[in-house]
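Visitor: The file below is data36.txt, compact mmCIF, C-alpha atoms:
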# COMPACT_ATOMS: atom_id res chain seq x y z
CA MET H 1270 85.73 75.70 80.70
CA PRO H 1271 82.20 74.33 81.15
CA LEU H 1272 80.10 76.12 83.74
CA LEU H 1273 81.16 74.78 87.15
CA SER H 1274 78.91 74.21 90.12
CA ALA H 1275 79.48 76.21 93.29
CA ASN H 1276 81.39 73.33 94.94
CA LEU H 1277 83.62 72.75 91.93
CA ASN H 1278 84.36 76.47 91.77
CA ILE H 1279 85.45 76.38 95.41
CA MET H 1280 87.66 73.35 94.74
CA GLU H 1281 89.25 74.98 91.70
CA LYS H 1282 89.99 78.15 93.64
CA ALA H 1283 91.64 76.11 96.42
CA CYS H 1284 93.70 74.08 93.92
CA LYS H 1285 94.92 77.12 92.01
CA LYS H 1286 95.83 79.03 95.16
CA ALA H 1287 97.75 76.08 96.66
CA SER H 1288 99.47 75.35 93.35
CA LYS H 1289 101.40 78.63 93.49
CA LEU H 1290 103.28 77.32 96.53
CA LEU H 1291 103.90 73.93 94.93
CA ILE H 1292 105.23 75.41 91.71
CA ARG H 1293 107.62 77.62 93.66
CA ASP H 1294 108.86 74.78 95.86
CA PHE H 1295 109.14 72.40 92.92
CA GLY H 1296 111.57 74.85 91.36
CA GLU H 1297 113.70 74.77 94.52
CA ILE H 1298 113.70 71.07 95.34
CA GLU H 1299 117.20 71.08 96.80
CA LYS H 1300 116.13 73.64 99.43
CA LEU H 1301 113.12 71.72 100.72
CA GLN H 1302 113.21 70.62 104.35
CA VAL H 1303 112.24 66.97 104.39
CA SER H 1304 111.23 64.77 107.31
CA LYS H 1305 110.41 61.07 107.31
CA LYS H 1306 107.00 59.71 108.27
CA GLY H 1307 108.18 56.14 107.83
CA PRO H 1308 110.38 54.01 105.60
CA GLY H 1309 110.02 55.17 102.02
CA ASP H 1310 107.15 57.51 102.97
CA PHE H 1311 108.17 61.16 103.04
CA VAL H 1312 106.34 64.28 104.00
CA THR H 1313 107.58 67.73 103.15
CA ASN H 1314 106.85 71.15 104.49
CA SER H 1315 105.17 71.70 101.13
CA ASP H 1316 102.64 68.95 101.94
CA LYS H 1317 101.70 70.60 105.19
CA ARG H 1318 101.57 74.14 103.89
CA THR H 1319 99.65 73.14 100.78
CA GLU H 1320 97.08 71.28 102.84
CA LYS H 1321 96.67 74.29 105.13
CA ILE H 1322 96.00 76.59 102.18
CA ILE H 1323 93.46 74.17 100.71
CA MET H 1324 91.67 73.65 104.02
CA ASN H 1325 91.53 77.37 104.76
CA GLU H 1326 89.92 78.04 101.38
CA LEU H 1327 87.41 75.21 101.75
CA LEU H 1328 86.53 76.11 105.34
CA LEU H 1329 86.09 79.76 104.41
CA ALA H 1330 83.59 78.85 101.71
CA ARG H 1331 81.92 75.93 103.50
CA PRO H 1332 82.45 76.30 107.27
CA ASP H 1333 79.94 73.57 108.11
CA TYR H 1334 81.62 70.86 106.02
CA SER H 1335 83.90 68.34 107.75
CA PHE H 1336 87.11 66.99 106.24
CA LEU H 1337 89.50 64.07 106.01
CA ALA H 1338 93.00 65.17 105.05
CA GLU H 1339 96.28 63.24 104.69
CA GLU H 1340 98.32 65.39 107.06
CA SER H 1341 95.64 66.79 109.39
CA GLY H 1342 93.52 63.69 109.75
CA LEU H 1343 89.80 63.67 110.45
CA SER H 1344 87.92 66.70 111.73
CA ASN H 1345 85.58 66.31 114.68
CA LYS H 1346 82.66 67.79 112.78
CA ILE H 1347 79.80 65.46 111.88
CA GLY H 1348 77.62 66.45 108.97
CA GLU H 1349 76.19 65.66 105.59
CA PHE H 1350 79.21 66.85 103.61
CA ARG H 1351 82.92 66.02 103.91
CA TRP H 1352 85.99 67.10 101.94
CA ILE H 1353 88.65 64.42 101.22
CA ILE H 1354 92.03 66.09 100.65
CA ASP H 1355 95.44 64.94 99.45
CA PRO H 1356 97.69 68.01 99.13
CA ILE H 1357 100.39 66.23 97.11
CA ASP H 1358 99.58 62.83 95.66
CA GLY H 1359 102.95 61.67 94.39
CA THR H 1360 105.15 63.20 97.09
CA THR H 1361 108.16 61.06 96.18
CA ASN H 1362 107.95 62.26 92.57
CA PHE H 1363 107.72 65.83 93.83
CA LEU H 1364 110.81 65.41 96.01
CA HIS H 1365 112.84 64.03 93.11
CA GLY H 1366 111.84 66.70 90.63
CA ILE H 1367 109.51 64.45 88.62
CA PRO H 1368 106.52 66.52 87.43
CA ASN H 1369 103.92 63.79 87.94
CA PHE H 1370 102.07 64.72 91.11
CA ALA H 1371 98.75 66.35 91.88
CA ILE H 1372 96.44 68.04 94.33
CA SER H 1373 93.39 65.84 94.88
CA ILE H 1374 90.10 66.97 96.44
CA GLY H 1375 86.91 64.94 96.70
CA LEU H 1376 83.57 65.88 98.21
CA GLU H 1377 81.26 63.41 99.91
CA LYS H 1378 77.55 63.78 100.57
CA ASN H 1379 76.28 61.22 103.06
CA LYS H 1380 79.40 59.10 102.48
CA GLU H 1381 79.06 59.10 98.68
CA ILE H 1382 81.55 60.96 96.50
CA ILE H 1383 79.59 63.53 94.51
CA CYS H 1384 82.41 65.52 92.91
CA GLY H 1385 86.16 65.41 92.58
CA MET H 1386 89.08 67.42 91.23
CA ILE H 1387 92.68 66.42 90.43
CA PHE H 1388 95.12 69.15 89.45
CA ASN H 1389 98.69 68.80 88.20
CA PRO H 1390 100.12 72.30 88.69
CA ILE H 1391 103.16 71.65 86.50
CA THR H 1392 101.20 70.62 83.39
CA ASN H 1393 98.22 72.83 84.31
CA GLU H 1394 95.87 69.91 83.75
CA LEU H 1395 92.65 70.09 85.77
CA PHE H 1396 90.58 66.91 85.82
CA TYR H 1397 87.16 67.13 87.44
CA ALA H 1398 83.72 65.56 87.59
CA GLU H 1399 80.39 65.87 89.33
CA LYS H 1400 77.83 63.12 89.76
CA GLY H 1401 75.59 62.89 86.72
CA LYS H 1402 77.38 65.66 84.80
CA GLY H 1403 80.31 63.92 83.11
CA ALA H 1404 84.07 64.23 83.48
CA TYR H 1405 86.33 66.94 82.08
CA LEU H 1406 89.93 67.89 81.47
CA ASN H 1407 90.17 71.69 81.39
CA ASN H 1408 87.73 72.68 78.62
CA SER H 1409 87.08 69.25 77.16
CA ARG H 1410 84.79 66.34 78.02
CA ILE H 1411 86.77 63.14 78.63
CA ARG H 1412 85.86 59.47 78.35
CA VAL H 1413 87.60 56.20 79.00
CA SER H 1414 89.18 54.27 76.16
CA SER H 1415 87.24 51.82 74.00
CA ARG H 1416 89.90 49.10 73.85
CA LYS H 1417 88.56 45.65 74.64
CA ASN H 1418 91.46 43.39 73.68
CA ILE H 1419 93.64 43.14 76.76
CA ASP H 1420 96.80 42.54 74.75
CA GLU H 1421 96.38 46.05 73.29
CA CYS H 1422 95.92 47.73 76.67
CA ILE H 1423 98.23 49.82 78.86
CA ILE H 1424 97.76 49.27 82.58
CA LEU H 1425 99.03 51.58 85.34
CA THR H 1426 99.97 50.42 88.81
CA GLY H 1427 101.80 51.49 91.93
CA GLY H 1428 103.99 49.96 94.66
CA PRO H 1429 105.57 48.29 96.25
CA VAL H 1430 107.42 50.90 98.26
CA LEU H 1431 109.90 50.06 100.99
CA SER H 1432 107.32 49.95 103.78
CA TYR H 1433 104.95 47.49 102.05
CA LYS H 1434 104.40 44.23 103.92
CA ASN H 1435 102.90 42.34 100.97
CA LYS H 1436 105.56 42.76 98.32
CA GLU H 1437 105.41 39.13 97.16
CA ILE H 1438 101.67 39.39 96.52
CA PHE H 1439 102.25 42.51 94.45
CA PHE H 1440 105.05 40.91 92.45
CA LYS H 1441 102.85 37.92 91.59
CA GLU H 1442 99.96 40.15 90.53
CA TYR H 1443 102.33 42.31 88.50
CA GLU H 1444 103.78 39.26 86.75
CA ASN H 1445 100.33 37.90 85.92
CA VAL H 1446 99.19 41.21 84.42
CA THR H 1447 102.37 41.98 82.48
CA ARG H 1448 102.23 38.59 80.76
CA LYS H 1449 98.89 39.48 79.16
CA VAL H 1450 98.77 43.22 78.50
CA SER H 1451 100.54 45.41 75.95
CA ALA H 1452 102.45 47.35 78.62
CA THR H 1453 102.44 48.36 82.28
CA ARG H 1454 103.56 51.66 83.73
CA LYS H 1455 104.34 52.84 87.28
CA LEU H 1456 104.04 56.62 87.29
CA GLY H 1457 103.94 57.33 91.02
CA SER H 1458 100.60 59.09 91.60
CA SER H 1459 97.41 57.12 92.20
CA ALA H 1460 95.26 60.21 91.66
CA LEU H 1461 96.79 60.94 88.27
CA ASP H 1462 96.63 57.25 87.33
CA LEU H 1463 92.85 57.43 87.74
CA ALA H 1464 92.68 60.74 85.89
CA TYR H 1465 94.63 59.20 83.02
CA LEU H 1466 92.25 56.23 82.98
CA ALA H 1467 89.29 58.61 82.80
CA SER H 1468 90.86 60.49 79.87
CA GLY H 1469 91.73 57.35 77.88
CA ARG H 1470 95.50 57.61 78.34
CA CYS H 1471 95.50 54.12 79.79
CA ASP H 1472 92.95 51.31 79.92
CA GLY H 1473 93.18 50.06 83.49
CA VAL H 1474 94.66 50.78 86.91
CA PHE H 1475 95.34 48.41 89.79
CA GLU H 1476 96.70 49.63 93.11
CA ARG H 1477 97.28 48.13 96.56
CA ASN H 1478 97.73 49.74 100.00
CA LEU H 1479 95.79 52.86 99.11
CA ASN H 1480 94.40 55.47 101.46
CA TYR H 1481 91.00 57.01 100.82
CA TRP H 1482 92.46 60.45 100.09
CA ASP H 1483 94.60 58.91 97.32
CA ILE H 1484 91.56 57.87 95.30
CA ALA H 1485 88.46 59.78 96.45
CA ALA H 1486 88.50 62.36 93.65
CA GLY H 1487 89.55 59.81 91.06
CA ILE H 1488 86.63 57.50 91.81
CA ILE H 1489 83.97 59.95 90.64
CA ILE H 1490 86.07 61.16 87.69
CA VAL H 1491 86.51 57.61 86.36
CA LYS H 1492 82.86 56.73 86.87
CA GLU H 1493 81.64 59.89 85.16
CA ALA H 1494 83.99 59.16 82.25
CA GLY H 1495 82.33 55.77 81.75
CA GLY H 1496 84.80 53.61 83.67
CA THR H 1497 84.37 51.03 86.39
CA ILE H 1498 85.84 51.03 89.92
CA THR H 1499 85.92 47.82 92.00
CA ASP H 1500 88.12 45.91 94.38
CA PHE H 1501 90.32 43.12 93.03
CA LYS H 1502 87.41 40.66 93.24
CA GLY H 1503 84.98 42.84 91.34
CA GLY H 1504 83.19 43.99 94.51
CA GLU H 1505 82.76 47.36 96.17
CA LYS H 1506 85.14 47.02 99.14
CA TYR H 1507 87.98 48.96 97.53
CA ILE H 1508 88.00 51.56 100.31
CA GLU H 1509 87.89 49.06 103.19
CA GLU H 1510 90.37 46.63 101.63
CA LYS H 1511 92.63 49.40 100.27
CA ASN H 1512 92.97 47.79 96.87
CA LEU H 1513 91.41 49.26 93.76
CA LEU H 1514 90.86 48.11 90.20
CA GLY H 1515 89.78 50.72 87.69
CA THR H 1516 89.05 49.90 84.06
CA ASN H 1517 87.44 51.24 80.91
CA SER H 1518 84.52 48.85 81.67
CA LYS H 1519 85.60 46.49 78.88
CA ILE H 1520 88.46 44.53 80.45
CA ASP H 1521 87.15 44.05 83.99
CA LYS H 1522 86.76 40.28 83.93
CA GLU H 1523 90.19 39.58 82.49
CA LEU H 1524 91.98 41.81 84.98
CA ILE H 1525 90.00 40.37 87.91
CA ASN H 1526 91.03 36.88 86.80
CA LEU H 1527 94.67 37.94 86.52
CA LEU H 1528 94.61 39.48 90.01
CA ALA H 1529 92.84 36.51 91.62
Please, can you express the file's structure as structure tokens?
Guide:
Amino acid sequence: MPLLSANLNIMEKACKKASKLLIRDFGEIEKLQVSKKGPGDFVTNSDKRTEKIIMNELLLARPDYSFLAEESGLSNKIGEFRWIIDPIDGTTNFLHGIPNFAISIGLEKNKEIICGMIFNPITNELFYAEKGKGAYLNNSRIRVSSRKNIDECIILTGGPVLSYKNKEIFFKEYENVTRKVSATRKLGSSALDLAYLASGRCDGVFERNLNYWDIAAGIIIVKEAGGTITDFKGGEKYIEEKNLLGTNSKIDKELINLLA
């Protein structure tokens, strides 16, 4: 593995420690105690315990950093640095025994993501990046794909889940995209979708109704791999508007037109 910075080392340690719990629970899915947060949106004891492990590790190493976490919310600390944590991105996959989920940790400095890490404990794939230093998968440098013909491209997307209010908008966007691209896939983890874009496994990602913790780590990993992150109009309001378009930087205009 390339030499990691101090912050990436801390993130890796937190991911690996928390993953032991996830691997154990994933092997005993039928015994998990599950509660509902809302229609189609589940939270497990594994979510909560995993987040606690991650936060304890991060706070131990960086007690002055604040955090935004899916289950715990926003800390009352105000400072230069902030961790953005999703303990299980792809909870529904996890609950159904589908091994496509990940721990996602991003780090902000003055509201800009400066490094991120996405770890799938089942495949042991660790995607990570730091501003200005490239993106990596385990030991290897990764880059986005070079495909520029949209009819040769694979596009990943999410939704709509039961609780979505804008299903018809999604269906129209999905229809427009699927008519023009080689194939679309819905894999169930926004974090891993972005990691797969960064590593050239797909050529674009479009997602609606996202939370910041779903995408924080993926944003820097895609950018450092040579990709582009925008909202559906090509702007930079993907966090505020909760819709994100990620591409290999070669098919932006076509996808923006299809999503218009």
Visitor: Kindly provide the residues of segment 1455-1501 of chain H that approach segment 1332-1355 of chain H to within 9 Å, each paired with its closest atom pair and their distance in Å to one decimal, based on only C-alpha atoms, listed by chain and increasing number, as a Markdown table.
Guide:
| residue | atom | partner | partner_atom | distance |
| --- | --- | --- | --- | --- |
| H:Asn1480 | CA | H:Glu1339 | CA | 8.6 |
| H:Tyr1481 | CA | H:Ile1353 | CA | 7.8 |
| H:Trp1482 | CA | H:Asp1355 | CA | 5.4 |
| H:Asp1483 | CA | H:Asp1355 | CA | 6.5 |
| H:Ala1485 | CA | H:Ile1353 | CA | 6.7 |
| H:Ala1486 | CA | H:Ile1353 | CA | 7.8 |
Visitor: Which residue gives the smallest distance to Lys1522 of chain H among H:Lys1417, H:Lys1286, H:Lys1436, H:Lys1506, with only C-alpha atoms counted?
Guide: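 Result for the nearest residue to Lys1522 of chain H: H:Lys1417.
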Visitor: Of the residues H:Ile1279, H:Met1324, H:Val1450, H:Ile1411, which is the one nearest to Ala1464 of chain H, using all atoms listed in the file?
Guide: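 Using all atoms listed in the file, Ala1464 of chain H sits closest to H:Ile1411.
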Visitor: As an exercise, work out the distance from atom CA of Asn1314 of chain H to atom CA of Glu1297 of chain H in Å and give it to one decimal place.
Guide: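 Distance reported for this atom pair: 12.6 Å.
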Visitor: Rank nothing, just name the residue among H:Ala1275, H:Ala1460, H:Leu1329, H:Met1386 nearest to Gly1359 of chain H, using all atoms listed in the file.
Guide: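 Among the listed residues, H:Ala1460 lies closest to Gly1359 of chain H.
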